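Undergrad: For reference, the file work-v9.txt (compact mmCIF, C-alpha atoms) is included below:
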```txt
# COMPACT_ATOMS: atom_id res chain seq x y z
CA MET A 1 44.13 19.64 -149.79
CA GLY A 2 46.18 18.66 -146.76
CA SER A 3 47.20 22.30 -146.24
CA LEU A 4 43.58 23.40 -146.62
CA ALA A 5 42.43 20.89 -144.03
CA LEU A 6 45.08 22.05 -141.59
CA LEU A 7 44.18 25.68 -142.24
CA LEU A 8 40.54 24.96 -141.46
CA ALA A 9 41.51 23.05 -138.35
CA MET A 10 43.67 25.92 -137.10
CA ALA A 11 41.57 28.88 -138.14
CA LEU A 12 37.89 28.05 -138.31
CA PRO A 13 37.45 27.08 -134.63
CA SER A 14 38.95 30.41 -133.66
CA THR A 15 35.96 32.41 -134.86
CA ALA A 16 34.12 31.55 -131.69
CA GLN A 17 37.04 32.93 -129.70
CA THR A 18 37.17 36.25 -131.55
CA PRO A 19 36.81 39.05 -128.98
CA THR A 20 33.56 40.96 -129.05
CA LEU A 21 34.31 44.34 -130.60
CA SER A 22 32.39 46.94 -128.63
CA PRO A 23 33.69 50.45 -129.45
CA SER A 24 32.73 51.74 -126.01
CA ALA A 25 34.58 48.99 -124.16
CA LEU A 26 37.75 48.71 -126.23
CA PRO A 27 40.72 50.97 -126.86
CA PRO A 28 40.86 52.85 -130.16
CA PRO A 29 41.09 50.42 -133.08
CA THR A 30 44.65 51.33 -134.00
CA GLN A 31 46.13 50.47 -130.61
CA PRO A 32 48.93 49.93 -129.74
CA LEU A 33 49.74 52.68 -132.21
CA PRO A 34 47.87 55.97 -132.00
CA TYR A 35 45.35 56.63 -134.74
CA ARG A 36 47.64 58.88 -136.71
CA VAL A 37 47.39 61.67 -139.21
CA TYR A 38 50.34 63.19 -141.01
CA ALA A 39 51.54 66.53 -139.69
CA ASN A 40 49.68 69.22 -141.60
CA ALA A 41 52.77 71.06 -142.78
CA GLY A 42 51.84 71.04 -146.44
CA VAL A 43 53.53 69.12 -149.20
CA GLN A 44 56.90 70.47 -150.26
CA PRO A 45 57.70 70.64 -153.97
CA VAL A 46 60.40 68.50 -155.45
CA ALA A 47 63.67 70.32 -155.87
CA PRO A 48 64.58 72.09 -159.13
CA GLY A 49 66.21 69.75 -161.62
CA PHE A 50 63.87 66.82 -160.96
CA ASP A 51 63.81 65.51 -164.52
CA VAL A 52 61.81 62.32 -165.12
CA ALA A 53 63.15 62.02 -168.68
CA ARG A 54 66.67 61.80 -167.26
CA PHE A 55 65.67 58.93 -164.97
CA GLU A 56 64.04 57.13 -167.90
CA ALA A 57 67.26 57.58 -169.89
CA LEU A 58 69.25 56.02 -167.05
CA ALA A 59 66.88 53.04 -167.04
CA GLU A 60 67.38 52.65 -170.78
CA GLN A 61 71.15 52.58 -170.26
CA LEU A 62 70.84 49.82 -167.65
CA VAL A 63 69.31 47.37 -170.14
CA GLN A 64 71.70 48.17 -173.01
CA GLY A 65 74.00 45.28 -173.84
CA GLN A 66 72.00 43.11 -171.45
CA ARG A 67 73.68 44.56 -168.40
CA ILE A 68 70.35 43.43 -167.00
CA PRO A 69 67.67 41.66 -169.06
CA GLY A 70 64.70 43.85 -168.23
CA MET A 71 63.18 46.28 -165.75
CA ALA A 72 60.29 48.63 -165.18
CA MET A 73 59.99 51.91 -163.28
CA ALA A 74 57.12 54.07 -162.06
CA ILE A 75 57.24 57.60 -160.63
CA VAL A 76 54.13 59.33 -159.27
CA HIS A 77 53.91 62.87 -157.91
CA ASN A 78 51.01 65.00 -156.68
CA GLY A 79 48.50 62.34 -157.67
CA ARG A 80 49.80 62.02 -161.24
CA VAL A 81 51.67 59.19 -162.91
CA LEU A 82 54.76 60.87 -164.34
CA SER A 83 56.23 57.66 -165.72
CA ALA A 84 55.30 53.96 -165.84
CA ARG A 85 57.42 52.23 -168.46
CA GLY A 86 59.22 49.01 -169.18
CA TYR A 87 62.78 48.58 -170.47
CA GLY A 88 64.67 45.63 -171.92
CA VAL A 89 63.21 42.15 -172.41
CA THR A 90 61.09 39.63 -170.55
CA ASP A 91 63.32 36.68 -171.43
CA VAL A 92 66.80 36.51 -172.99
CA VAL A 93 65.86 33.27 -174.81
CA ARG A 94 62.52 34.39 -176.29
CA PRO A 95 62.79 38.17 -175.97
CA GLN A 96 59.67 40.28 -175.81
CA PRO A 97 59.87 43.94 -174.78
CA VAL A 98 59.00 44.73 -171.19
CA ASP A 99 56.08 47.15 -171.19
CA SER A 100 53.96 48.81 -168.51
CA HIS A 101 51.76 45.70 -168.20
CA THR A 102 54.56 43.11 -167.91
CA VAL A 103 54.14 41.30 -164.60
CA PHE A 104 57.03 40.86 -162.15
CA ARG A 105 57.27 38.93 -158.91
CA LEU A 106 57.27 41.36 -155.96
CA ALA A 107 58.87 39.11 -153.30
CA SER A 108 59.01 41.03 -149.99
CA LEU A 109 57.29 44.08 -151.44
CA SER A 110 54.25 41.91 -150.71
CA LYS A 111 54.59 42.68 -146.99
CA ALA A 112 53.17 46.17 -147.49
CA PHE A 113 50.07 44.58 -149.03
CA ALA A 114 49.71 42.39 -145.94
CA GLY A 115 49.98 45.37 -143.60
CA THR A 116 47.51 47.36 -145.67
CA MET A 117 45.03 44.47 -145.91
CA THR A 118 45.17 44.03 -142.15
CA GLY A 119 44.65 47.76 -141.69
CA LEU A 120 41.44 47.59 -143.70
CA LEU A 121 40.12 44.98 -141.27
CA VAL A 122 41.14 47.22 -138.38
CA ASN A 123 39.17 50.05 -139.99
CA ASP A 124 36.22 47.67 -140.39
CA GLY A 125 36.32 46.84 -136.68
CA SER A 126 37.04 43.17 -137.40
CA LEU A 127 40.50 43.42 -135.83
CA ARG A 128 42.58 45.65 -133.61
CA TRP A 129 46.31 46.19 -133.92
CA ASP A 130 46.61 44.78 -130.39
CA SER A 131 44.39 41.76 -131.11
CA LYS A 132 46.13 38.61 -129.91
CA VAL A 133 47.20 36.26 -132.66
CA SER A 134 46.35 33.21 -130.53
CA ASP A 135 42.69 34.30 -130.44
CA TYR A 136 42.57 33.82 -134.22
CA VAL A 137 45.15 31.04 -134.67
CA PRO A 138 44.71 28.82 -131.61
CA GLY A 139 47.41 26.39 -132.76
CA PHE A 140 50.08 29.11 -132.55
CA GLN A 141 52.83 28.30 -130.03
CA LEU A 142 56.18 29.76 -128.96
CA ALA A 143 58.94 28.10 -126.94
CA GLU A 144 58.39 30.16 -123.78
CA PRO A 145 55.12 29.39 -121.97
CA GLY A 146 52.65 32.24 -122.25
CA TYR A 147 54.57 34.16 -124.90
CA ALA A 148 52.34 33.06 -127.79
CA ASP A 149 49.36 34.60 -125.99
CA GLN A 150 51.15 37.96 -125.92
CA VAL A 151 51.88 38.29 -129.64
CA THR A 152 49.68 40.92 -131.30
CA VAL A 153 48.77 41.51 -134.91
CA ALA A 154 51.03 44.58 -134.89
CA ASP A 155 53.89 42.43 -133.57
CA LEU A 156 53.59 40.13 -136.59
CA LEU A 157 53.59 43.00 -139.06
CA SER A 158 56.56 44.75 -137.43
CA HIS A 159 58.67 41.58 -136.91
CA ARG A 160 58.51 41.79 -133.09
CA VAL A 161 57.51 38.20 -132.33
CA GLY A 162 60.65 37.80 -130.19
CA LEU A 163 62.39 35.10 -132.24
CA LYS A 164 66.17 34.99 -132.02
CA ALA A 165 66.91 34.08 -135.63
CA HIS A 166 66.14 36.38 -138.53
CA ASN A 167 64.17 34.55 -141.24
CA ALA A 168 63.52 31.57 -138.95
CA TYR A 169 62.88 28.35 -140.91
CA ASP A 170 63.35 29.97 -144.32
CA ARG A 171 65.64 27.05 -145.21
CA ASP A 172 62.73 24.69 -144.63
CA ILE A 173 60.61 26.74 -147.02
CA GLU A 174 63.43 26.65 -149.57
CA GLY A 175 63.49 22.87 -149.11
CA ASN A 176 59.90 22.77 -150.41
CA ALA A 177 58.25 22.28 -147.00
CA GLU A 178 54.63 23.39 -146.73
CA TYR A 179 53.85 26.55 -144.78
CA TYR A 180 51.67 24.97 -142.06
CA GLN A 181 54.22 22.24 -141.48
CA VAL A 182 56.91 24.89 -140.94
CA ALA A 183 54.69 27.27 -138.92
CA GLN A 184 54.26 24.58 -136.29
CA LYS A 185 58.04 24.60 -135.78
CA LEU A 186 57.82 28.14 -134.39
CA GLY A 187 56.89 26.52 -131.09
CA ALA A 188 60.48 25.27 -130.79
CA ALA A 189 62.31 28.32 -132.17
CA PRO A 190 64.77 30.04 -129.78
CA LEU A 191 63.59 33.37 -128.42
CA THR A 192 65.61 36.45 -127.59
CA CYS A 193 62.99 38.68 -125.94
CA PRO A 194 59.31 38.81 -124.98
CA PRO A 195 56.94 39.60 -127.85
CA GLY A 196 56.86 43.26 -128.82
CA GLN A 197 60.27 44.03 -127.31
CA CYS A 198 62.79 43.43 -130.12
CA TYR A 199 63.09 43.13 -133.89
CA ALA A 200 64.02 40.12 -136.03
CA TYR A 201 62.85 40.04 -139.63
CA GLN A 202 60.66 37.02 -140.43
CA ASN A 203 58.87 35.41 -143.35
CA VAL A 204 57.21 32.35 -141.82
CA ALA A 205 56.06 34.09 -138.63
CA PHE A 206 55.01 37.20 -140.58
CA SER A 207 52.76 35.01 -142.73
CA LEU A 208 50.63 34.07 -139.73
CA VAL A 209 48.84 37.33 -140.48
CA GLY A 210 47.24 35.53 -143.43
CA ASP A 211 45.62 33.10 -141.00
CA VAL A 212 44.47 36.04 -138.88
CA VAL A 213 42.90 37.71 -141.92
CA PHE A 214 41.08 34.49 -142.77
CA ALA A 215 39.77 33.95 -139.24
CA ALA A 216 38.69 37.59 -138.84
CA SER A 217 37.07 38.00 -142.25
CA GLY A 218 36.01 34.51 -143.31
CA THR A 219 37.83 35.08 -146.62
CA PHE A 220 41.06 33.41 -147.66
CA TYR A 221 43.96 35.85 -147.60
CA GLU A 222 44.59 35.81 -151.36
CA GLN A 223 40.92 36.45 -152.10
CA ALA A 224 40.75 39.24 -149.51
CA VAL A 225 43.74 41.05 -151.06
CA GLN A 226 42.25 40.65 -154.53
CA ARG A 227 38.84 41.96 -153.49
CA ARG A 228 39.88 44.72 -151.07
CA LEU A 229 43.06 46.03 -152.72
CA LEU A 230 43.90 44.85 -156.22
CA GLU A 231 40.45 45.23 -157.79
CA PRO A 232 39.37 48.57 -156.25
CA LEU A 233 42.79 50.12 -156.95
CA GLY A 234 42.64 49.09 -160.61
CA MET A 235 45.68 46.82 -160.32
CA ASN A 236 44.35 44.79 -163.21
CA ASP A 237 47.54 42.87 -164.03
CA ALA A 238 48.25 41.93 -160.41
CA SER A 239 47.77 38.50 -158.87
CA LEU A 240 48.99 36.24 -156.08
CA GLY A 241 50.86 32.98 -156.36
CA LEU A 242 52.81 31.02 -158.94
CA ALA A 243 49.72 30.25 -161.01
CA GLY A 244 48.93 33.95 -161.02
CA ILE A 245 52.19 35.03 -162.64
CA GLU A 246 52.36 32.09 -165.05
CA SER A 247 48.84 32.80 -166.33
CA SER A 248 49.59 36.48 -166.98
CA PRO A 249 49.40 37.47 -170.68
CA ARG A 250 52.90 38.97 -170.40
CA TRP A 251 55.32 38.32 -167.57
CA ALA A 252 59.03 38.73 -166.96
CA ARG A 253 60.99 35.51 -166.56
CA PRO A 254 63.49 35.40 -163.68
CA HIS A 255 67.18 35.40 -164.63
CA VAL A 256 70.31 34.16 -162.89
CA ARG A 257 73.95 34.53 -163.94
CA SER A 258 76.00 31.90 -165.73
CA ARG A 259 79.50 31.99 -167.21
CA ASN A 260 77.96 33.06 -170.50
CA GLY A 261 75.69 35.78 -169.16
CA TRP A 262 72.07 35.78 -168.10
CA VAL A 263 70.02 32.58 -168.08
CA SER A 264 66.24 32.53 -167.78
CA VAL A 265 64.81 30.00 -165.33
CA SER A 266 61.41 28.99 -164.03
CA PRO A 267 60.11 30.84 -160.96
CA LYS A 268 60.58 28.88 -157.77
CA PRO A 269 57.31 28.02 -155.99
CA THR A 270 58.79 28.01 -152.50
CA TYR A 271 58.15 31.52 -151.17
CA TYR A 272 54.81 31.71 -152.94
CA ARG A 273 53.72 29.41 -150.09
CA LEU A 274 53.96 32.49 -147.84
CA PRO A 275 51.46 34.84 -149.55
CA PRO A 276 51.60 37.67 -146.95
CA ALA A 277 55.41 37.69 -146.98
CA ALA A 278 56.05 37.14 -150.68
CA GLY A 279 52.97 36.23 -152.71
CA VAL A 280 52.09 39.25 -154.89
CA ASN A 281 52.83 39.73 -158.60
CA ALA A 282 52.28 43.06 -160.36
CA SER A 283 53.12 45.15 -163.39
CA ILE A 284 54.61 48.61 -163.17
CA SER A 285 51.22 50.00 -164.22
CA ASP A 286 49.80 48.28 -161.13
CA MET A 287 52.60 49.66 -158.98
CA ALA A 288 51.84 53.19 -160.14
CA GLN A 289 48.29 52.73 -158.84
CA TRP A 290 49.66 51.26 -155.61
CA LEU A 291 51.92 54.29 -155.17
CA LEU A 292 49.03 56.69 -155.80
CA ALA A 293 47.06 54.92 -153.08
CA GLN A 294 50.00 54.91 -150.65
CA THR A 295 50.53 58.65 -151.22
CA GLY A 296 46.92 59.34 -150.23
CA HIS A 297 45.22 59.77 -153.60
CA ARG A 298 42.76 56.90 -153.22
CA PRO A 299 40.95 57.81 -149.99
CA ASP A 300 37.97 55.78 -151.20
CA VAL A 301 40.12 52.68 -150.60
CA LEU A 302 42.84 53.75 -148.12
CA SER A 303 42.09 56.54 -145.68
CA ALA A 304 44.70 59.10 -144.67
CA PRO A 305 44.69 58.04 -140.98
CA LEU A 306 45.21 54.42 -141.99
CA LEU A 307 48.15 55.32 -144.24
CA ALA A 308 49.75 57.41 -141.53
CA THR A 309 49.42 54.50 -139.12
CA LEU A 310 50.87 51.98 -141.57
CA HIS A 311 53.84 54.29 -142.24
CA ALA A 312 54.58 55.16 -138.59
CA PRO A 313 57.83 53.71 -137.16
CA VAL A 314 57.29 50.93 -134.62
CA VAL A 315 60.72 49.44 -133.88
CA SER A 316 64.28 50.59 -134.57
CA THR A 317 66.29 48.61 -137.16
CA PRO A 318 69.80 50.09 -137.15
CA GLY A 319 71.17 47.12 -139.11
CA GLU A 320 69.49 48.53 -142.22
CA MET A 321 72.03 51.38 -142.42
CA ARG A 322 75.16 49.35 -143.07
CA SER A 323 75.64 49.02 -146.81
CA GLY A 324 75.51 50.84 -150.11
CA TRP A 325 73.54 54.07 -150.33
CA ARG A 326 71.85 53.36 -147.00
CA ARG A 327 75.18 53.69 -145.20
CA ASP A 328 75.70 57.17 -146.65
CA ARG A 329 72.17 58.55 -146.71
CA VAL A 330 70.08 56.85 -144.01
CA HIS A 331 70.50 58.42 -140.56
CA ALA A 332 67.86 56.30 -138.79
CA ALA A 333 65.92 53.17 -139.78
CA SER A 334 62.78 51.59 -138.38
CA TYR A 335 60.12 49.07 -139.30
CA ALA A 336 56.46 50.06 -139.38
CA LEU A 337 53.56 47.75 -140.39
CA GLY A 338 54.77 46.00 -143.54
CA TRP A 339 57.00 48.97 -144.45
CA ARG A 340 60.44 50.19 -143.50
CA VAL A 341 60.86 53.85 -142.56
CA PHE A 342 64.12 55.72 -143.16
CA ASP A 343 65.41 59.12 -142.18
CA TYR A 344 67.03 59.79 -145.55
CA ALA A 345 69.24 62.83 -144.94
CA GLY A 346 66.41 64.43 -142.97
CA GLU A 347 63.60 63.30 -145.31
CA GLN A 348 61.11 60.61 -144.27
CA VAL A 349 61.15 57.75 -146.78
CA VAL A 350 58.71 54.85 -146.46
CA PHE A 351 60.48 51.97 -148.16
CA HIS A 352 60.73 48.26 -148.85
CA ALA A 353 62.98 46.05 -150.91
CA GLY A 354 62.25 42.62 -152.31
CA ALA A 355 64.57 39.90 -153.60
CA VAL A 356 63.93 36.31 -154.58
CA GLN A 357 65.58 34.04 -157.14
CA GLY A 358 65.67 35.97 -160.41
CA TYR A 359 63.74 39.06 -159.28
CA ARG A 360 64.47 42.28 -157.41
CA GLY A 361 62.33 45.29 -156.53
CA LEU A 362 62.25 48.55 -154.58
CA THR A 363 59.41 50.84 -153.55
CA ALA A 364 59.65 54.21 -151.81
CA VAL A 365 57.14 56.85 -150.74
CA LEU A 366 58.16 60.37 -149.66
CA PRO A 367 55.06 61.63 -147.84
CA ASP A 368 56.37 65.18 -147.44
CA ARG A 369 56.94 65.45 -151.21
CA ASP A 370 53.86 63.47 -152.33
CA LEU A 371 56.25 61.33 -154.34
CA GLY A 372 56.29 57.60 -155.00
CA ILE A 373 58.85 55.44 -156.82
CA ALA A 374 58.80 51.75 -157.79
CA ILE A 375 61.54 49.84 -159.62
CA LEU A 376 61.21 46.16 -160.61
CA TRP A 377 63.64 43.95 -162.53
CA ASN A 378 63.92 40.32 -163.57
CA SER A 379 67.49 39.45 -162.62
CA GLU A 380 69.76 39.08 -159.62
CA SER A 381 71.82 42.14 -160.42
CA SER A 382 71.87 44.84 -157.76
CA LEU A 383 72.75 47.47 -160.39
CA PRO A 384 69.29 49.13 -160.72
CA SER A 385 69.19 49.69 -156.95
CA GLY A 386 71.19 52.88 -157.48
CA LEU A 387 68.33 54.44 -159.43
CA LEU A 388 66.32 54.88 -156.24
CA PRO A 389 68.77 57.11 -154.31
CA THR A 390 69.52 58.93 -157.58
CA ILE A 391 65.85 59.89 -157.88
CA ILE A 392 65.44 60.69 -154.18
CA ASP A 393 68.55 62.88 -154.15
CA ARG A 394 67.15 64.91 -157.05
CA ALA A 395 63.75 65.17 -155.38
CA VAL A 396 65.09 66.57 -152.12
CA GLY A 397 67.92 68.66 -153.60
CA LEU A 398 70.97 66.71 -152.46
CA PRO A 399 74.23 66.76 -154.43
CA ALA A 400 74.36 64.06 -157.08
CA GLN A 401 76.39 60.91 -156.42
CA ARG A 402 77.16 57.92 -158.66
CA TRP A 403 74.86 55.51 -156.87
CA LEU A 404 74.53 53.29 -159.93
CA ASP A 405 78.10 52.13 -159.35
CA VAL A 406 77.43 51.13 -155.73
CA ASP A 407 76.69 47.48 -154.98
CA THR A 408 73.65 47.07 -152.73
CA ASP A 409 73.06 44.31 -150.21
CA PHE A 410 69.35 43.47 -149.99
CA GLY A 411 69.89 42.15 -146.47
CA ALA A 412 66.85 40.68 -144.72
CA ASP A 413 64.59 41.52 -147.68
CA ASN A 414 66.43 38.90 -149.74
CA LEU A 415 64.26 35.77 -149.75
CA MET A 416 67.20 33.40 -149.95
CA ALA A 417 68.93 32.00 -146.91
CA ASP A 418 72.16 33.75 -145.97
CA GLY A 419 75.26 31.96 -147.14
CA ALA A 420 73.49 29.82 -149.72
CA THR A 421 75.91 28.14 -152.10
CA PRO A 422 75.21 28.65 -155.80
CA GLU A 423 74.56 25.50 -157.78
CA PRO A 424 75.49 25.06 -161.45
CA VAL A 425 73.06 26.84 -163.75
CA GLN A 426 71.23 24.73 -166.31
CA PRO A 427 71.18 25.60 -170.03
CA GLN A 428 69.29 28.67 -171.19
CA GLY A 429 65.52 28.52 -171.06
CA THR A 430 65.21 25.43 -168.87
CA SER A 431 63.90 25.12 -165.36
CA SER A 432 66.26 25.73 -162.49
CA SER A 433 63.59 25.51 -159.82
CA SER A 434 65.74 23.33 -157.60
CA SER A 435 68.77 25.59 -157.58
CA VAL A 436 69.68 28.18 -154.99
CA ALA A 437 71.31 31.15 -156.66
CA SER A 438 73.68 33.64 -155.12
CA PRO A 439 72.09 36.96 -154.18
CA HIS A 440 74.89 38.82 -155.98
```
Could you write out this structure as C-alpha cells?

TA:
Amino acid sequence: MGSLALLLAMALPSTAQTPTLSPSALPPPTQPLPYRVYANAGVQPVAPGFDVARFEALAEQLVQGQRIPGMAMAIVHNGRVLSARGYGVTDVVRPQPVDSHTVFRLASLSKAFAGTMTGLLVNDGSLRWDSKVSDYVPGFQLAEPGYADQVTVADLLSHRVGLKAHNAYDRDIEGNAEYYQVAQKLGAAPLTCPPGQCYAYQNVAFSLVGDVVFAASGTFYEQAVQRRLLEPLGMNDASLGLAGIESSPRWARPHVRSRNGWVSVSPKPTYYRLPPAAGVNASISDMAQWLLAQTGHRPDVLSAPLLATLHAPVVSTPGEMRSGWRRDRVHAASYALGWRVFDYAGEQVVFHAGAVQGYRGLTAVLPDRDLGIAILWNSESSLPSGLLPTIIDRAVGLPAQRWLDVDTDFGADNLMADGATPEPVQPQGTSSSSSVASPH
C-alpha cells in the first residue's frame, strides 16, 4: 500500500502536465526515430538443411542425464509455428515433464514487452518517443540540474539516461528494497553524459517507463500489458509478477547448482518489483505467439511500422560482442527500444537475453528470413545458449560450429549484480530466496 500511495503521488498529478497532442503542431509520433518500414526487399528463404527435427533432437540431448533440468524451445517461420515443445522436468525434486504450456520466468526478455507496450501508446497518440519523462513522472530527478527534464521515453527504452554505472542500484533491489524507494536514488547517481548521448544498461531507470505508461494511459502497467498484449495475442499462460507464476497450473521451478547437482529453489521476488525490466512470465506456447507478432503476422495488434521502429538500432553497444558466439559471429551491436540488434555475419538479428536466479532465456527475430526463435530454461547453466547460434547458422547458411560447447556470458542481461558471491545452497526443494547464486 505504501508503494501504491507513492505511485499515485508521483504519477497522478502528472496527468495535468501531459502535453496536448495536436497532430498538426507536433512532430511525427515516432520521433526521435523516423516512422519506419522495413526495406521491401522480400523475405529470403532459410538455407537448405534447416531441419527443425534436428534442433529438437539437440534440445532432447541437453536434458538427458539432467545436464539441465528442463527447457522449452519455439521456432516460427513464415507465420507458422514449426515447433513449440518442452523438454526435461519442471522440478528435480517433484519432476513433471515440461510441456508447451509450462510457464518460465522471462527476466530481461520482459524489456521487449515494455518497448512494445509503449509503442502502442505512441500509436494511440497518448505518447511520443520524444515525450519527456518528467512530464509524466514529476518526481524524477538526476544529479545534474536540468538533465532529468531532457530524458525522453525513447532514452529510457534504449538505456540512454546518461548514468555512469550499468545496472545502477540493482544491489538495492537484490537487498529487497522497494522500487520507488530505489528510483528516488537516481537523483544522486553519477552521470557520464547528457541524456540521449551514451549507453549504460539499466533496470531501475528502465522501469520508469511503467510509471509513464500509467500516467499516459490511466492503467497500471501490468494491467496495460495484459490487456493490450497478452490477451489479444493469445498468450493465455502468460502473466506478470511472482503471484502470476506461482498461480500458474504448471510452472518450471528455478534451479541452482550444488555439490550434488541441481537444486530447486523458490523464485526470488526482488526483480519482479521492476515489471517493465523483468516482470513477465510465459510458456513456450506464449512465446511462439509473441514471435509471430514480432515477425509481423499479427498486424491487428502490432503494425509493421511500429515493429520496424521498435527493431531499429538507436545506440551502439560494442561491449555485446566480447564473449562466446557473439565474439565470433556479431560484427556490430546496438540497442533499439527494448531489443538488442546484431549484425550477425551480415544478417540482422533482433535479440534479447534474460537471466535471473534459476532461469535463463533467449529470443531472436530475423526479419529478412521471417524467422523467430525462443529458448527458455529453468537453471543457471549457459549450455542451451549454443542452440541459438546453431539454429541461426543453419538458417542463413553458415558453416556449422560446435556452439553448444561454448560458455556464454549473459553480461548486462543477467539480473544479478556483477561479482556476487555464491552462498551455500539449502537442501533440495527448500526456499533459497535469500541467496545470491553465481551466474555460471

Undergrad: Could you tell me how far CA of Ala183 (chain A) lies from CA of Ala165 (chain A), in Å and to one decimal?

TA: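 These atoms are spaced 14.4 Å apart.
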
Undergrad: Give as number ranges by chain every residue, naming chains and numbers as the document does, that has an atom within 12 Å of (72.2, 45.1, -167.7), counting only C-alpha atoms.

TA: A: 58-71, 87-89, 92, 255, 257, 261-262, 377-384, 404

Undergrad: So how many Å separate CA of Arg228 (chain A) and CA of Met117 (chain A), to one decimal?

TA: 7.3 Å

Undergrad: Env of Gly162 (chain A): 10 Å cut, atoms = all atoms listed in the file, seq-sep filter 6 positions within chain, self excluded. Answer as an MDAnalysis selection string.

TA: chainID A and resid 142 147:148 151 155:156 189:201

Undergrad: Record the distance separating CA of Ala277 (chain A) and CA of Asn167 (chain A), expressed in Å with one decimal.

TA: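 The value is 10.9 Å.
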
Undergrad: List as an mmCIF file with C-alpha atoms, keeping the file's coordinate frame the protein and nucleic acid residues near Asp172 (chain A), meaning an atom at most 12 Å away when only C-alpha atoms are counted, but skip any in the same chain fewer than 4 places from it.

TA:
```
data_model
loop_
_atom_site.group_PDB
_atom_site.id
_atom_site.type_symbol
_atom_site.label_atom_id
_atom_site.label_comp_id
_atom_site.auth_asym_id
_atom_site.auth_seq_id
_atom_site.Cartn_x
_atom_site.Cartn_y
_atom_site.Cartn_z
ATOM 1 C CA ASN A 167 64.170 34.550 -141.240
ATOM 2 C CA ALA A 168 63.520 31.570 -138.950
ATOM 3 C CA ASN A 176 59.900 22.770 -150.410
ATOM 4 C CA ALA A 177 58.250 22.280 -147.000
ATOM 5 C CA GLU A 178 54.630 23.390 -146.730
ATOM 6 C CA TYR A 179 53.850 26.550 -144.780
ATOM 7 C CA TYR A 180 51.670 24.970 -142.060
ATOM 8 C CA GLN A 181 54.220 22.240 -141.480
ATOM 9 C CA VAL A 182 56.910 24.890 -140.940
ATOM 10 C CA ALA A 183 54.690 27.270 -138.920
ATOM 11 C CA GLN A 184 54.260 24.580 -136.290
ATOM 12 C CA LYS A 185 58.040 24.600 -135.780
ATOM 13 C CA LEU A 186 57.820 28.140 -134.390
ATOM 14 C CA ASN A 203 58.870 35.410 -143.350
ATOM 15 C CA VAL A 204 57.210 32.350 -141.820
ATOM 16 C CA THR A 270 58.790 28.010 -152.500
ATOM 17 C CA TYR A 271 58.150 31.520 -151.170
ATOM 18 C CA ARG A 273 53.720 29.410 -150.090
ATOM 19 C CA MET A 416 67.200 33.400 -149.950
ATOM 20 C CA ALA A 417 68.930 32.000 -146.910
#
```

Undergrad: Got a sec: who's within 8 Å of Met235 (chain A), counting all atoms listed in the file, leaving out chain neighbours fewer than 6 positions off, as JSON, numbers by chain?

TA: {"A": [282, 285, 286, 287, 289, 290]}

Undergrad: With C-alpha atoms retained, could you export that selection as a PDB file, keeping the file's coordinate frame?

TA:
```
ATOM      1  CA  ALA A 282      52.280  43.060-160.360  1.00  0.00           C
ATOM      2  CA  SER A 285      51.220  50.000-164.220  1.00  0.00           C
ATOM      3  CA  ASP A 286      49.800  48.280-161.130  1.00  0.00           C
ATOM      4  CA  MET A 287      52.600  49.660-158.980  1.00  0.00           C
ATOM      5  CA  GLN A 289      48.290  52.730-158.840  1.00  0.00           C
ATOM      6  CA  TRP A 290      49.660  51.260-155.610  1.00  0.00           C
TER       7      TRP A 290
END
```

Undergrad: Which of these, A:Ala278, A:Val52, A:Leu127, A:Ile75, has the shortest distance to Phe113 (chain A) once you count only C-alpha atoms?

TA: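 Nearest candidate to Phe113 (chain A) out of A:Ala278, A:Val52, A:Leu127, A:Ile75: A:Ala278.
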
Undergrad: Can you tell me, as a PyMOL selection string, what residues are no more than 12 Å from Ser385 (chain A) when counting only C-alpha atoms, ignoring any on the same chain fewer than 5 positions away?

TA: chain A and resi 58-59+62+68+71+73+324-326+352-355+360-364+373-377+379-380+390-392+402-410

Undergrad: For Gly146 (chain A), which of A:Ala238, A:Arg394, A:Gly187, A:Gly338 is the closest residue, counting only C-alpha atoms?

TA: A:Gly187

Undergrad: From the list A:Pro254, A:Val280, A:Ala312, A:Pro249, which residue is nearest Gln223 (chain A) when using only C-alpha atoms?

TA: A:Val280

Undergrad: Rank A:Gly175, A:Leu82, A:Phe206, A:Gly42 by their smallest atom-to-atom distance to Phe55 (chain A), using all atoms listed in the file, and report the top residue only.

TA: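 Result for the nearest residue to Phe55 (chain A): A:Leu82.
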
Undergrad: I need the residue nearest Ser283 (chain A) from this list: A:Ser334, A:Asn414, A:Asn236, A:Thr317. Use all atoms listed in the file for the distance.

TA: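 Closest residue, counting all atoms listed in the file: A:Asn236.
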
Undergrad: Quick one: everything within 10 Å of Gly319 (chain A), counting all atoms listed in the file, minus sequence neighbours fewer than 6 positions away in the same chain. Send it as a list in words.

TA: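 Non-adjacent residues within range: Arg327, Ala332, Ala333, Ser334, Gly411 and Ala412 of chain A.
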
Undergrad: Using only C-alpha atoms, please write the residues we just selected to a file, as a JSON list (two decimals), in the coordinates of the input.

TA:
```
[["chain", "number", "residue", "atom", "x", "y", "z"],
["A", 327, "ARG", "CA", 75.18, 53.69, -145.20],
["A", 332, "ALA", "CA", 67.86, 56.30, -138.79],
["A", 333, "ALA", "CA", 65.92, 53.17, -139.78],
["A", 334, "SER", "CA", 62.78, 51.59, -138.38],
["A", 411, "GLY", "CA", 69.89, 42.15, -146.47],
["A", 412, "ALA", "CA", 66.85, 40.68, -144.72]]
```

Undergrad: Could you check which of A:Arg105, A:Arg171, A:Lys111, A:Arg94 is closest to Gly210 (chain A), using only C-alpha atoms?

TA: A:Lys111
